[in-house]
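Here's protein.csv, which has CSV, C-alpha atoms:
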```
chain,number,residue,atom,x,y,z
A,1,MET,CA,8.6,-18.0,-12.2
A,2,ILE,CA,5.3,-19.2,-10.7
A,3,ARG,CA,5.5,-21.6,-7.8
A,4,ASP,CA,2.1,-23.0,-7.0
A,5,ASP,CA,3.2,-25.5,-4.4
A,6,PRO,CA,1.6,-24.2,-1.2
A,7,PHE,CA,4.0,-26.2,1.0
A,8,ALA,CA,7.2,-24.8,-0.5
A,9,GLY,CA,9.4,-23.0,2.0
A,10,GLY,CA,8.6,-21.7,5.5
A,11,VAL,CA,5.5,-19.9,6.6
A,12,ALA,CA,7.0,-16.4,6.2
A,13,PRO,CA,8.2,-16.7,2.6
A,14,ARG,CA,4.9,-18.3,1.6
A,15,LEU,CA,3.0,-15.5,3.2
A,16,ARG,CA,5.2,-12.9,1.5
A,17,ARG,CA,4.7,-14.5,-1.9
A,18,LEU,CA,0.9,-14.6,-1.5
A,19,ASP,CA,1.0,-11.0,-0.3
A,20,ARG,CA,2.8,-9.9,-3.5
A,21,GLU,CA,0.3,-11.8,-5.7
A,22,LEU,CA,-2.7,-10.3,-3.8
A,23,ALA,CA,-1.2,-6.8,-4.0
A,24,ALA,CA,-0.9,-7.1,-7.8
A,25,ALA,CA,-4.5,-8.4,-8.1
A,26,ILE,CA,-5.8,-5.6,-5.9
A,27,ALA,CA,-4.0,-2.9,-7.8
A,28,ASP,CA,-5.2,-4.3,-11.1
A,29,ALA,CA,-8.8,-4.5,-9.8
A,30,GLN,CA,-8.6,-1.0,-8.4
A,31,CYS,CA,-7.4,0.4,-11.7
A,32,ARG,CA,-10.2,-1.3,-13.6
A,33,ASP,CA,-12.7,0.1,-11.1
A,34,TRP,CA,-11.2,3.6,-11.5
A,35,THR,CA,-11.4,3.5,-15.3
A,36,ALA,CA,-14.9,1.9,-15.2
A,37,ASP,CA,-13.5,-1.0,-17.1
A,38,ARG,CA,-14.8,-3.5,-14.6
A,39,PRO,CA,-16.8,-1.5,-12.0
A,40,ASP,CA,-16.7,-3.3,-8.7
A,41,ARG,CA,-15.8,-1.5,-5.5
A,42,VAL,CA,-16.4,-4.4,-3.2
A,43,GLY,CA,-14.2,-7.2,-4.5
A,44,PHE,CA,-10.9,-5.4,-4.3
A,45,ALA,CA,-11.8,-3.9,-0.9
A,46,ARG,CA,-12.4,-7.3,0.5
A,47,LEU,CA,-9.2,-8.6,-1.0
A,48,GLY,CA,-7.5,-5.7,0.7
A,49,GLN,CA,-8.9,-6.9,4.0
A,50,VAL,CA,-7.4,-10.4,3.3
A,51,ARG,CA,-4.1,-8.7,2.7
A,52,HIS,CA,-4.4,-6.7,5.9
A,53,ASP,CA,-5.0,-9.8,8.0
A,54,LEU,CA,-2.1,-11.6,6.2
A,55,GLY,CA,0.1,-8.7,7.2
A,56,THR,CA,-1.0,-9.0,10.8
A,57,ALA,CA,-0.1,-12.7,10.7
A,58,ALA,CA,3.2,-12.1,9.0
A,59,ALA,CA,4.1,-9.5,11.7
A,60,ARG,CA,3.9,-12.2,14.3
A,61,TYR,CA,6.7,-14.0,12.5
A,62,ARG,CA,8.7,-10.7,12.7
A,63,THR,CA,9.4,-10.7,8.9
A,64,ALA,CA,10.4,-7.5,7.2
A,65,PRO,CA,7.6,-5.9,5.2
A,66,THR,CA,7.8,-6.0,1.4
A,67,GLY,CA,11.2,-4.7,0.3
A,68,SER,CA,12.2,-2.2,-2.4
A,69,ASP,CA,10.6,-2.6,-5.8
A,70,ARG,CA,12.4,-3.9,-8.8
A,71,THR,CA,12.8,-0.5,-10.4
A,72,THR,CA,14.6,0.9,-7.4
A,73,ILE,CA,17.0,-2.0,-7.2
A,74,LEU,CA,17.8,-1.8,-10.9
A,75,ALA,CA,18.3,2.0,-10.7
A,76,VAL,CA,20.7,1.6,-7.8
A,77,LEU,CA,22.7,-1.1,-9.6
A,78,LEU,CA,22.9,0.9,-12.8
A,79,ALA,CA,24.0,4.0,-10.9
A,80,GLY,CA,26.7,2.1,-9.1
A,81,LEU,CA,28.0,0.6,-12.4
A,82,LEU,CA,27.6,3.6,-14.7
A,83,VAL,CA,28.6,6.4,-12.3
A,84,GLY,CA,30.3,5.1,-9.2
A,85,LEU,CA,32.8,2.7,-10.8
A,86,PRO,CA,34.2,5.1,-13.5
A,87,LEU,CA,34.4,8.0,-10.9
A,88,LEU,CA,36.3,5.7,-8.5
A,89,LEU,CA,38.7,4.6,-11.2
A,90,LEU,CA,39.3,8.0,-12.7
A,91,THR,CA,39.7,10.0,-9.4
A,92,PRO,CA,43.3,10.2,-8.1
A,93,ASP,CA,43.5,8.7,-4.6
A,94,PRO,CA,39.7,8.3,-4.1
A,95,ALA,CA,40.1,7.1,-0.5
A,96,ARG,CA,40.3,10.6,0.9
A,97,PRO,CA,37.0,11.5,2.7
A,98,LEU,CA,35.9,14.5,0.7
A,99,PRO,CA,36.2,12.9,-2.9
A,100,LEU,CA,34.6,9.7,-1.7
A,101,ALA,CA,31.7,11.6,-0.2
A,102,ALA,CA,31.3,13.5,-3.5
A,103,ILE,CA,31.3,10.3,-5.5
A,104,ALA,CA,28.7,8.8,-3.1
A,105,VAL,CA,26.4,11.8,-3.5
A,106,ALA,CA,26.8,11.7,-7.3
A,107,CYS,CA,25.8,8.0,-7.1
A,108,VAL,CA,22.7,8.8,-5.1
A,109,TRP,CA,21.5,11.5,-7.4
A,110,ALA,CA,22.2,9.3,-10.4
A,111,ALA,CA,20.1,6.6,-8.8
A,112,TYR,CA,17.2,9.0,-8.3
A,113,LEU,CA,17.3,10.3,-11.8
A,114,LEU,CA,17.6,6.7,-13.2
A,115,ARG,CA,14.6,5.6,-11.2
A,116,ALA,CA,12.5,8.4,-12.4
A,117,GLY,CA,13.5,7.8,-16.0
A,118,LEU,CA,12.9,4.0,-15.7
A,119,ARG,CA,9.5,4.6,-14.2
A,120,ARG,CA,8.5,7.0,-17.0
A,121,LEU,CA,9.8,4.5,-19.6
A,122,ARG,CA,7.7,1.7,-18.1
A,123,ILE,CA,4.6,3.9,-18.0
A,124,ARG,CA,5.2,4.9,-21.6
A,125,ARG,CA,5.6,1.3,-22.6
A,126,ALA,CA,2.5,0.2,-20.7
A,127,ARG,CA,0.4,2.7,-22.6
A,128,GLY,CA,0.5,0.6,-25.8
A,129,ALA,CA,0.5,-2.8,-24.0
A,130,PRO,CA,-2.4,-5.1,-24.8
A,131,ASP,CA,-5.0,-5.5,-22.0
A,132,ARG,CA,-5.2,-8.9,-20.4
A,133,SER,CA,-7.9,-10.4,-18.3
A,134,ALA,CA,-8.2,-9.2,-14.7
A,135,PRO,CA,-6.5,-11.5,-12.1
A,136,ILE,CA,-9.3,-10.8,-9.6
A,137,ASP,CA,-11.6,-12.8,-11.9
A,138,ASP,CA,-9.2,-15.8,-11.9
A,139,PRO,CA,-10.8,-18.6,-9.8
A,140,PHE,CA,-7.4,-20.2,-9.3
A,141,LEU,CA,-6.2,-17.1,-7.5
A,142,TYR,CA,-8.8,-17.8,-4.8
A,143,ALA,CA,-8.0,-21.5,-4.7
A,144,ARG,CA,-4.3,-20.9,-4.5
A,145,ALA,CA,-4.7,-18.3,-1.8
A,146,ARG,CA,-7.0,-20.5,0.2
A,147,ARG,CA,-4.6,-23.5,0.1
A,148,THR,CA,-1.7,-21.3,1.1
A,149,ILE,CA,-3.5,-19.7,4.0
A,150,GLU,CA,-4.8,-23.1,5.2
A,151,SER,CA,-1.4,-24.7,5.1
A,152,CYS,CA,0.2,-21.7,6.8
A,153,ALA,CA,-2.5,-21.8,9.5
A,154,ALA,CA,-1.8,-25.5,10.1
A,155,SER,CA,1.9,-24.8,10.5
A,156,ALA,CA,1.2,-21.8,12.8
A,157,ARG,CA,-1.1,-23.9,15.0
A,158,ALA,CA,1.6,-26.5,15.4
A,159,ASP,CA,4.3,-23.9,16.2
A,160,ARG,CA,5.8,-24.1,19.7
A,161,THR,CA,6.0,-20.3,20.1
A,162,TYR,CA,2.9,-18.8,21.8
A,163,ARG,CA,3.2,-15.6,19.7
A,164,ARG,CA,3.3,-17.5,16.4
A,165,ARG,CA,0.3,-19.7,17.3
A,166,GLY,CA,-1.7,-16.4,17.5
A,167,ALA,CA,-1.1,-16.1,13.7
A,168,ALA,CA,-3.6,-18.9,13.1
A,169,THR,CA,-6.4,-16.7,14.3
A,170,ASP,CA,-5.4,-13.9,11.9
A,171,LEU,CA,-5.2,-16.4,9.1
A,172,GLU,CA,-8.8,-17.6,9.9
A,173,TYR,CA,-10.0,-14.0,9.6
A,174,ALA,CA,-8.2,-13.8,6.3
A,175,LEU,CA,-10.0,-17.0,5.1
A,176,ASP,CA,-13.3,-15.4,6.0
A,177,TRP,CA,-12.6,-12.3,4.0
A,178,LEU,CA,-11.4,-14.4,1.1
A,179,ALA,CA,-14.6,-16.3,1.0
A,180,ALA,CA,-16.5,-13.0,1.2
A,181,ALA,CA,-14.5,-11.6,-1.7
A,182,GLN,CA,-15.2,-14.6,-3.8
A,183,GLU,CA,-18.8,-15.2,-3.1
A,184,GLU,CA,-20.1,-11.6,-3.0
A,185,LEU,CA,-22.6,-11.7,-0.1
A,186,PRO,CA,-26.0,-9.9,-0.7
A,187,ARG,CA,-26.0,-6.3,0.3
A,188,VAL,CA,-28.3,-3.4,0.7
A,189,ARG,CA,-29.8,-2.2,-2.6
B,1,MET,CA,-16.9,24.1,-18.8
B,2,PRO,CA,-16.2,24.0,-15.0
B,3,PRO,CA,-12.8,25.2,-13.9
B,4,VAL,CA,-10.2,22.5,-13.1
B,5,ARG,CA,-9.8,22.4,-9.4
B,6,ALA,CA,-6.5,22.0,-7.7
B,7,LEU,CA,-5.7,18.8,-5.9
B,8,PRO,CA,-5.6,20.2,-2.3
B,9,ALA,CA,-9.0,21.8,-2.6
B,10,GLU,CA,-10.5,18.6,-4.0
B,11,ILE,CA,-8.8,16.6,-1.1
B,12,GLY,CA,-10.2,19.1,1.4
B,13,ALA,CA,-13.7,18.5,0.1
B,14,VAL,CA,-13.3,14.8,0.2
B,15,ARG,CA,-12.0,15.0,3.8
B,16,ALA,CA,-15.0,17.2,4.8
B,17,LEU,CA,-17.4,14.6,3.3
B,18,ILE,CA,-15.6,11.8,5.2
B,19,ALA,CA,-15.8,13.7,8.5
B,20,ASP,CA,-19.5,14.3,8.0
B,21,GLY,CA,-20.1,10.6,7.5
B,22,PHE,CA,-17.9,9.8,10.5
B,23,ASP,CA,-19.9,12.1,12.7
B,24,GLU,CA,-23.1,10.6,11.5
B,25,VAL,CA,-22.0,7.1,12.2
B,26,ILE,CA,-20.9,8.0,15.7
B,27,ARG,CA,-24.1,9.9,16.4
B,28,GLU,CA,-26.6,7.4,15.1
B,29,SER,CA,-25.2,4.0,16.0
B,30,ASP,CA,-26.4,2.8,19.4
B,31,ASP,CA,-23.4,0.7,20.1
B,32,LEU,CA,-19.9,1.7,18.9
B,33,ASP,CA,-18.4,-1.6,19.9
B,34,GLN,CA,-20.4,-3.5,17.3
B,35,PHE,CA,-17.9,-5.3,15.0
B,36,TRP,CA,-19.0,-3.7,11.7
B,37,ILE,CA,-19.3,-0.2,13.2
B,38,ARG,CA,-15.9,-0.4,14.9
B,39,SER,CA,-14.3,-1.7,11.7
B,40,ALA,CA,-15.9,1.1,9.6
B,41,CYS,CA,-14.8,3.8,12.1
B,42,GLY,CA,-11.3,2.5,12.0
B,43,ARG,CA,-11.2,2.4,8.2
B,44,LEU,CA,-12.6,5.9,8.0
B,45,ALA,CA,-10.1,7.3,10.4
B,46,ALA,CA,-7.3,5.6,8.6
B,47,ALA,CA,-8.5,6.9,5.2
B,48,ASP,CA,-8.6,10.4,6.7
B,49,ALA,CA,-5.1,10.1,8.1
B,50,GLU,CA,-3.9,8.9,4.7
B,51,LEU,CA,-5.4,11.9,3.0
B,52,ALA,CA,-4.1,14.3,5.7
B,53,GLY,CA,-0.6,13.1,5.2
B,54,LEU,CA,-0.6,13.8,1.5
B,55,PRO,CA,2.8,15.3,0.5
B,56,GLY,CA,2.8,18.9,-0.6
B,57,ARG,CA,4.3,20.4,-3.7
B,58,PHE,CA,8.0,20.5,-2.6
B,59,SER,CA,8.1,17.7,-0.1
B,60,PRO,CA,9.2,15.1,-2.7
B,61,LEU,CA,12.5,16.9,-2.5
B,62,LEU,CA,12.8,16.3,1.2
B,63,PRO,CA,13.7,12.6,1.1
B,64,VAL,CA,16.3,13.3,-1.7
B,65,LEU,CA,17.9,16.0,0.5
B,66,THR,CA,17.9,13.8,3.6
B,67,THR,CA,19.4,10.8,1.7
B,68,THR,CA,22.1,13.1,0.2
B,69,VAL,CA,23.1,14.6,3.5
B,70,VAL,CA,23.1,11.2,5.3
B,71,THR,CA,25.1,9.6,2.5
B,72,ALA,CA,27.7,12.3,2.5
B,73,LEU,CA,28.2,12.3,6.2
B,74,VAL,CA,28.3,8.5,6.5
B,75,VAL,CA,30.8,8.1,3.6
B,76,ALA,CA,33.1,10.9,4.7
B,77,GLY,CA,33.1,9.5,8.3
B,78,SER,CA,33.9,6.0,7.2
B,79,ALA,CA,36.6,7.2,4.9
B,80,ALA,CA,38.2,9.2,7.7
B,81,LEU,CA,37.9,6.1,9.9
B,82,ALA,CA,39.6,3.9,7.4
B,83,ARG,CA,42.4,6.5,7.0
B,84,VAL,CA,42.9,6.6,10.7
B,85,THR,CA,43.0,2.8,11.1
B,86,GLY,CA,45.3,2.4,8.1
B,87,GLY,CA,42.8,0.6,5.8
B,88,GLY,CA,42.6,1.4,2.1
B,89,LEU,CA,39.7,2.2,-0.3
B,90,LEU,CA,38.2,-1.2,0.1
B,91,THR,CA,37.8,-0.9,3.9
B,92,ALA,CA,36.2,2.5,3.5
B,93,LEU,CA,33.8,1.2,0.9
B,94,VAL,CA,32.8,-1.8,3.0
B,95,VAL,CA,32.3,0.2,6.2
B,96,ALA,CA,30.4,2.9,4.3
B,97,GLY,CA,28.1,0.3,2.7
B,98,LEU,CA,27.3,-1.4,6.0
B,99,LEU,CA,26.6,1.9,7.8
B,100,LEU,CA,24.5,3.2,4.9
B,101,ILE,CA,22.3,0.0,4.8
B,102,MET,CA,21.8,0.4,8.6
B,103,ALA,CA,21.0,4.1,8.4
B,104,LEU,CA,18.5,3.6,5.5
B,105,HIS,CA,16.8,0.7,7.3
B,106,ILE,CA,16.4,2.8,10.4
B,107,ALA,CA,15.0,5.7,8.4
B,108,GLY,CA,12.5,3.3,6.7
B,109,VAL,CA,11.3,2.0,10.0
B,110,LEU,CA,10.9,5.5,11.4
B,111,ARG,CA,9.0,6.6,8.4
B,112,ARG,CA,6.7,3.6,8.4
B,113,ARG,CA,5.8,4.1,12.1
B,114,GLY,CA,2.4,5.9,11.8
B,115,THR,CA,0.4,7.6,14.5
B,116,ALA,CA,-2.9,6.1,15.6
B,117,PRO,CA,-5.9,8.2,14.5
B,118,ALA,CA,-8.2,9.5,17.2
B,119,LEU,CA,-12.0,9.4,17.1
B,120,PRO,CA,-13.8,12.9,17.1
B,121,PRO,CA,-16.2,13.7,19.9
B,122,PRO,CA,-19.9,13.0,19.1
B,123,PRO,CA,-21.8,16.1,17.9
B,124,ASP,CA,-25.3,16.9,19.1
B,125,MET,CA,-27.0,18.1,16.0
B,126,PRO,CA,-29.5,15.7,14.3
B,127,GLY,CA,-28.4,14.3,10.9
B,128,PRO,CA,-30.0,12.4,8.0
B,129,GLY,CA,-29.5,9.0,9.6
B,130,LEU,CA,-27.2,6.0,9.2
B,131,THR,CA,-28.8,4.7,6.0
B,132,GLU,CA,-27.6,7.8,4.1
B,133,VAL,CA,-24.0,7.5,5.1
B,134,PRO,CA,-22.9,4.9,2.5
B,135,SER,CA,-24.2,7.0,-0.4
B,136,ALA,CA,-22.5,10.1,1.1
B,137,LEU,CA,-19.3,8.2,1.4
B,138,GLU,CA,-19.7,7.0,-2.2
B,139,ARG,CA,-20.0,10.6,-3.3
B,140,ALA,CA,-16.7,11.3,-1.5
B,141,ARG,CA,-15.2,8.4,-3.3
B,142,VAL,CA,-16.3,9.6,-6.7
B,143,ARG,CA,-14.6,12.9,-6.0
B,144,LEU,CA,-11.5,11.2,-4.8
B,145,VAL,CA,-11.3,8.9,-7.8
B,146,SER,CA,-11.8,11.8,-10.3
B,147,ALA,CA,-9.1,13.8,-8.5
B,148,GLY,CA,-6.8,10.8,-8.8
B,149,LEU,CA,-7.6,10.2,-12.5
B,150,ARG,CA,-7.0,13.9,-13.2
B,151,ARG,CA,-3.6,13.6,-11.6
B,152,ALA,CA,-2.7,10.5,-13.5
B,153,GLY,CA,-3.3,12.3,-16.8
B,154,ARG,CA,-5.5,11.4,-19.7
B,155,ALA,CA,-2.8,9.4,-21.5
B,156,ASN,CA,-2.7,6.8,-18.7
B,157,TRP,CA,-6.4,6.0,-18.5
B,158,ARG,CA,-6.1,2.4,-19.6
B,159,ALA,CA,-5.6,-0.3,-16.9
B,160,PRO,CA,-2.0,-1.4,-17.6
B,161,ALA,CA,-0.6,2.2,-17.7
B,162,LEU,CA,-2.7,3.3,-14.8
B,163,ARG,CA,-1.4,0.4,-12.7
B,164,ARG,CA,2.2,1.5,-13.4
B,165,THR,CA,1.4,5.1,-12.6
B,166,LEU,CA,-0.2,4.1,-9.3
B,167,THR,CA,3.0,2.4,-8.2
B,168,ALA,CA,5.3,5.1,-9.5
B,169,ASP,CA,3.7,8.3,-8.1
B,170,PRO,CA,3.7,8.5,-4.3
B,171,VAL,CA,0.8,11.0,-4.3
B,172,LEU,CA,-1.3,8.6,-6.4
B,173,ALA,CA,-0.3,5.7,-4.3
B,174,ARG,CA,-1.6,7.5,-1.2
B,175,LEU,CA,-4.8,8.3,-3.0
B,176,ALA,CA,-5.3,4.7,-4.0
B,177,ARG,CA,-4.7,3.5,-0.4
B,178,ALA,CA,-7.2,6.1,0.9
B,179,ASP,CA,-9.7,4.9,-1.7
B,180,LEU,CA,-9.2,1.3,-0.7
B,181,LEU,CA,-9.8,2.1,3.0
B,182,LEU,CA,-12.9,4.2,2.0
B,183,CYS,CA,-14.3,1.2,0.0
B,184,GLN,CA,-13.7,-1.1,3.0
B,185,ALA,CA,-15.6,1.3,5.3
B,186,ILE,CA,-18.5,1.5,2.9
B,187,ASP,CA,-18.6,-2.2,2.6
B,188,CYS,CA,-18.6,-2.6,6.4
B,189,LEU,CA,-21.4,-0.1,6.8
B,190,GLU,CA,-23.5,-1.8,4.1
B,191,ARG,CA,-23.0,-5.2,5.7
B,192,TYR,CA,-24.1,-3.7,9.1
B,193,LEU,CA,-27.2,-2.1,7.5
B,194,ASP,CA,-27.9,-5.4,5.7
B,195,ASP,CA,-27.8,-7.3,9.0
B,196,LEU,CA,-30.2,-4.7,10.6
B,197,SER,CA,-32.7,-4.9,7.7
B,198,LYS,CA,-33.1,-8.7,8.2
B,199,ASP,CA,-35.5,-9.5,11.0
B,200,TRP,CA,-33.7,-12.3,12.8
B,201,PRO,CA,-35.9,-14.7,14.7
```

Go ahead and render the structure in this file as structure tokens.
Amino acid sequence: MIRDDPFAGGVAPRLRRLDRELAAAIADAQCRDWTADRPDRVGFARLGQVRHDLGTAAARYRTAPTGSDRTTILAVLLAGLLVGLPLLLLTPDPARPLPLAAIAVACVWAAYLLRAGLRRLRIRRARGAPDRSAPIDDPFLYARARRTIESCAASARADRTYRRRGAATDLEYALDWLAAAQEELPRVR
Amino acid sequence: MPPVRALPAEIGAVRALIADGFDEVIRESDDLDQFWIRSACGRLAAADAELAGLPGRFSPLLPVLTTTVVTALVVAGSAALARVTGGGLLTALVVAGLLLIMALHIAGVLRRRGTAPALPPPPDMPGPGLTEVPSALERARVRLVSAGLRRAGRANWRAPALRRTLTADPVLARLARADLLLCQAIDCLERYLDDLSKDWP
């Protein structure tokens, strides 16, 4: 689901959503630079600066950093359902400490194995996937990021907490880096 | 055909190049508090710390072992607690789940807390000058990227597969972060040199 309303939700969830989007764009641009598909070592570095400043601003809101990725959550759920539940149902009197600990350890190892398997499967599937256009070239990415950062800075400036008003400064740095990433200032050579 | 070099040797060479560039910046720049110079030094130190903390061959097993031991202890303890207090299986599971979430959260916070990198003392030998530093750092970056691509494997050299590999492999994720910081340092230095080359009125 794509939500492009920059005023939806509080400041922290907006920042987290933008952070996730920027992280995807940076990783994609970095891969394209590594494979010389779209050689540009400046654009993704500057977007990385934007993300760094956004992280500083989000830290003033005391939000948790980005949580576990989707593969980990899926692997843990699958391990609980496929290994933990049958073992709990099949073991006689599973509430004793030692059997319960053994079941938990089995669940943990199953989760690790499932995560490794799922990752390998996703890499294998991505090998044959068609290549789409790079999100770093998308002008709407910059427009969306700018509107989100500006609205977050407006909310931060109006906040009554001193610590959160400081986030507006970090967001202004982020805006500077965003403009630099989009406009590509002239450099040496 | 040149022999394929191991990842630690390659990373050592990259770190030596980064350290040379760092020394050069500290020696040649007249004012270390200038914004671009300070930013570049911070990025270089962070990239070096990122490369220094690269996990070894067997250290991926370490978090698995830690998680196993912590899980076993916490679950056994909460089951014993539930038995003492007279609760059933459900009580034990709920208590164990809450304690596990807490323990894993604390472990994540402890792992994420990094150490601040320190600046090396300025050396006294003359070097090639500040204008040569970006190209030297770019050479370091080329070695870093080729080491990363070799680790990713030839089958994953297209952008969608490489993106997935970067998020899946912790060593590659670290290499990618170091590469990002290195690019930021080069960008900062180039902007500084660009500002110097213009003759402001």

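Nearest to Gln30 (chain A) of all the residues A:Gly10, A:Pro135, A:Pro97, A:Gly166 is A:Pro135, based on all atoms listed in the file.
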
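Between CA of Val105 (chain A) and CA of Asp169 (chain B) there is a distance of 23.4 Å.
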
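The neighbours of Trp177 (chain A) here are the residues that come within 10 Å of it, using all atoms listed in the file and leaving out any residue fewer than 4 positions away in the same chain; they are A:Ala45, A:Arg46, A:Leu47, A:Gly48, A:Gln49, A:Val50, A:Arg51, A:Asp53, A:Leu171, A:Glu172, A:Tyr173, A:Ala181, A:Gln182, A:Glu183.
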
Quick one: write out the picked residues with C-alpha atoms as a compact mmCIF listing (two decimals), in the frame of the given file?
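Printed below is selection_5.txt as written:
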```txt
# COMPACT_ATOMS: atom_id res chain seq x y z
CA ALA A 45 -11.80 -3.90 -0.90
CA ARG A 46 -12.40 -7.30 0.50
CA LEU A 47 -9.20 -8.60 -1.00
CA GLY A 48 -7.50 -5.70 0.70
CA GLN A 49 -8.90 -6.90 4.00
CA VAL A 50 -7.40 -10.40 3.30
CA ARG A 51 -4.10 -8.70 2.70
CA ASP A 53 -5.00 -9.80 8.00
CA LEU A 171 -5.20 -16.40 9.10
CA GLU A 172 -8.80 -17.60 9.90
CA TYR A 173 -10.00 -14.00 9.60
CA ALA A 181 -14.50 -11.60 -1.70
CA GLN A 182 -15.20 -14.60 -3.80
CA GLU A 183 -18.80 -15.20 -3.10
```

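If you measure from each of B:Thr165, B:Thr66, B:Ser135, B:Gln34 to chain A using only C-alpha atoms, the closest one turns out to be B:Thr165.
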
Near chain B, which residues of chain A fall within 8 Å when you count only C-alpha atoms, and what do they look like as a count of residues only? 39

Of the candidates B:Ile11, B:Leu99, B:Ala152, B:Leu137, which shows the shortest atom-to-atom distance to Glu50 (chain B), using all atoms listed in the file? B:Ile11

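Atom pair CA of Ala134 (chain A) / CA of Ala29 (chain A): separated by 6.8 Å.
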
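Take CA of Arg17 (chain A) and CA of Gly42 (chain B): the distance between them is 27.2 Å.
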
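Here the question is which of A:Gly43, A:Gly55, A:Pro139, A:Gly84 gets nearest to Ala180 (chain A) using all atoms listed in the file, and that residue is A:Gly43.
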
Need the shell around Pro55 (chain B): protein/DNA/RNA residues with any atom at most 9 Å away, counting all atoms listed in the file. Skip same-chain ones fewer than 3 positions apart. Format as a ChimeraX atom specification? /B:52,58-60,170-171

Tell me, as a count of residues only, which residues lie within 12 Å of Leu54 (chain A), counting all atoms listed in the file; anything in the same chain fewer than 3 positions away does not count. 42

Output region 29-67 of chain B from the block with C-alpha atoms, as a JSON list (two decimals), in the first residue's frame?
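For reference, part_37.json as written:
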```json
[["chain", "number", "residue", "atom", "x", "y", "z"],
["B", 29, "SER", "CA", 44.13, 20.87, 5.85],
["B", 30, "ASP", "CA", 44.85, 24.10, 7.70],
["B", 31, "ASP", "CA", 41.69, 24.09, 9.75],
["B", 32, "LEU", "CA", 40.21, 20.84, 10.99],
["B", 33, "ASP", "CA", 37.02, 22.53, 12.20],
["B", 34, "GLN", "CA", 35.96, 23.48, 8.70],
["B", 35, "PHE", "CA", 32.57, 21.91, 8.01],
["B", 36, "TRP", "CA", 33.49, 19.76, 5.01],
["B", 37, "ILE", "CA", 36.79, 18.61, 6.50],
["B", 38, "ARG", "CA", 35.15, 17.69, 9.78],
["B", 39, "SER", "CA", 32.39, 15.81, 7.96],
["B", 40, "ALA", "CA", 34.88, 13.95, 5.77],
["B", 41, "CYS", "CA", 36.99, 12.95, 8.79],
["B", 42, "GLY", "CA", 33.93, 11.70, 10.62],
["B", 43, "ARG", "CA", 32.78, 9.63, 7.62],
["B", 44, "LEU", "CA", 36.25, 8.17, 7.08],
["B", 45, "ALA", "CA", 36.55, 7.18, 10.73],
["B", 46, "ALA", "CA", 33.08, 5.62, 10.64],
["B", 47, "ALA", "CA", 33.88, 3.68, 7.46],
["B", 48, "ASP", "CA", 37.11, 2.40, 9.00],
["B", 49, "ALA", "CA", 35.27, 1.34, 12.15],
["B", 50, "GLU", "CA", 32.66, -0.40, 10.01],
["B", 51, "LEU", "CA", 35.37, -2.35, 8.18],
["B", 52, "ALA", "CA", 37.23, -3.12, 11.41],
["B", 53, "GLY", "CA", 34.11, -4.68, 12.92],
["B", 54, "LEU", "CA", 33.67, -7.09, 10.04],
["B", 55, "PRO", "CA", 32.64, -10.46, 11.47],
["B", 56, "GLY", "CA", 35.10, -13.33, 11.09],
["B", 57, "ARG", "CA", 34.48, -16.75, 9.69],
["B", 58, "PHE", "CA", 32.83, -18.37, 12.70],
["B", 59, "SER", "CA", 31.27, -15.36, 14.36],
["B", 60, "PRO", "CA", 27.90, -15.76, 12.60],
["B", 61, "LEU", "CA", 27.44, -18.73, 14.93],
["B", 62, "LEU", "CA", 27.87, -16.52, 17.98],
["B", 63, "PRO", "CA", 24.43, -14.82, 17.94],
["B", 64, "VAL", "CA", 22.80, -18.22, 17.31],
["B", 65, "LEU", "CA", 24.51, -19.69, 20.38],
["B", 66, "THR", "CA", 23.68, -16.64, 22.50],
["B", 67, "THR", "CA", 20.02, -16.72, 21.48]]
```
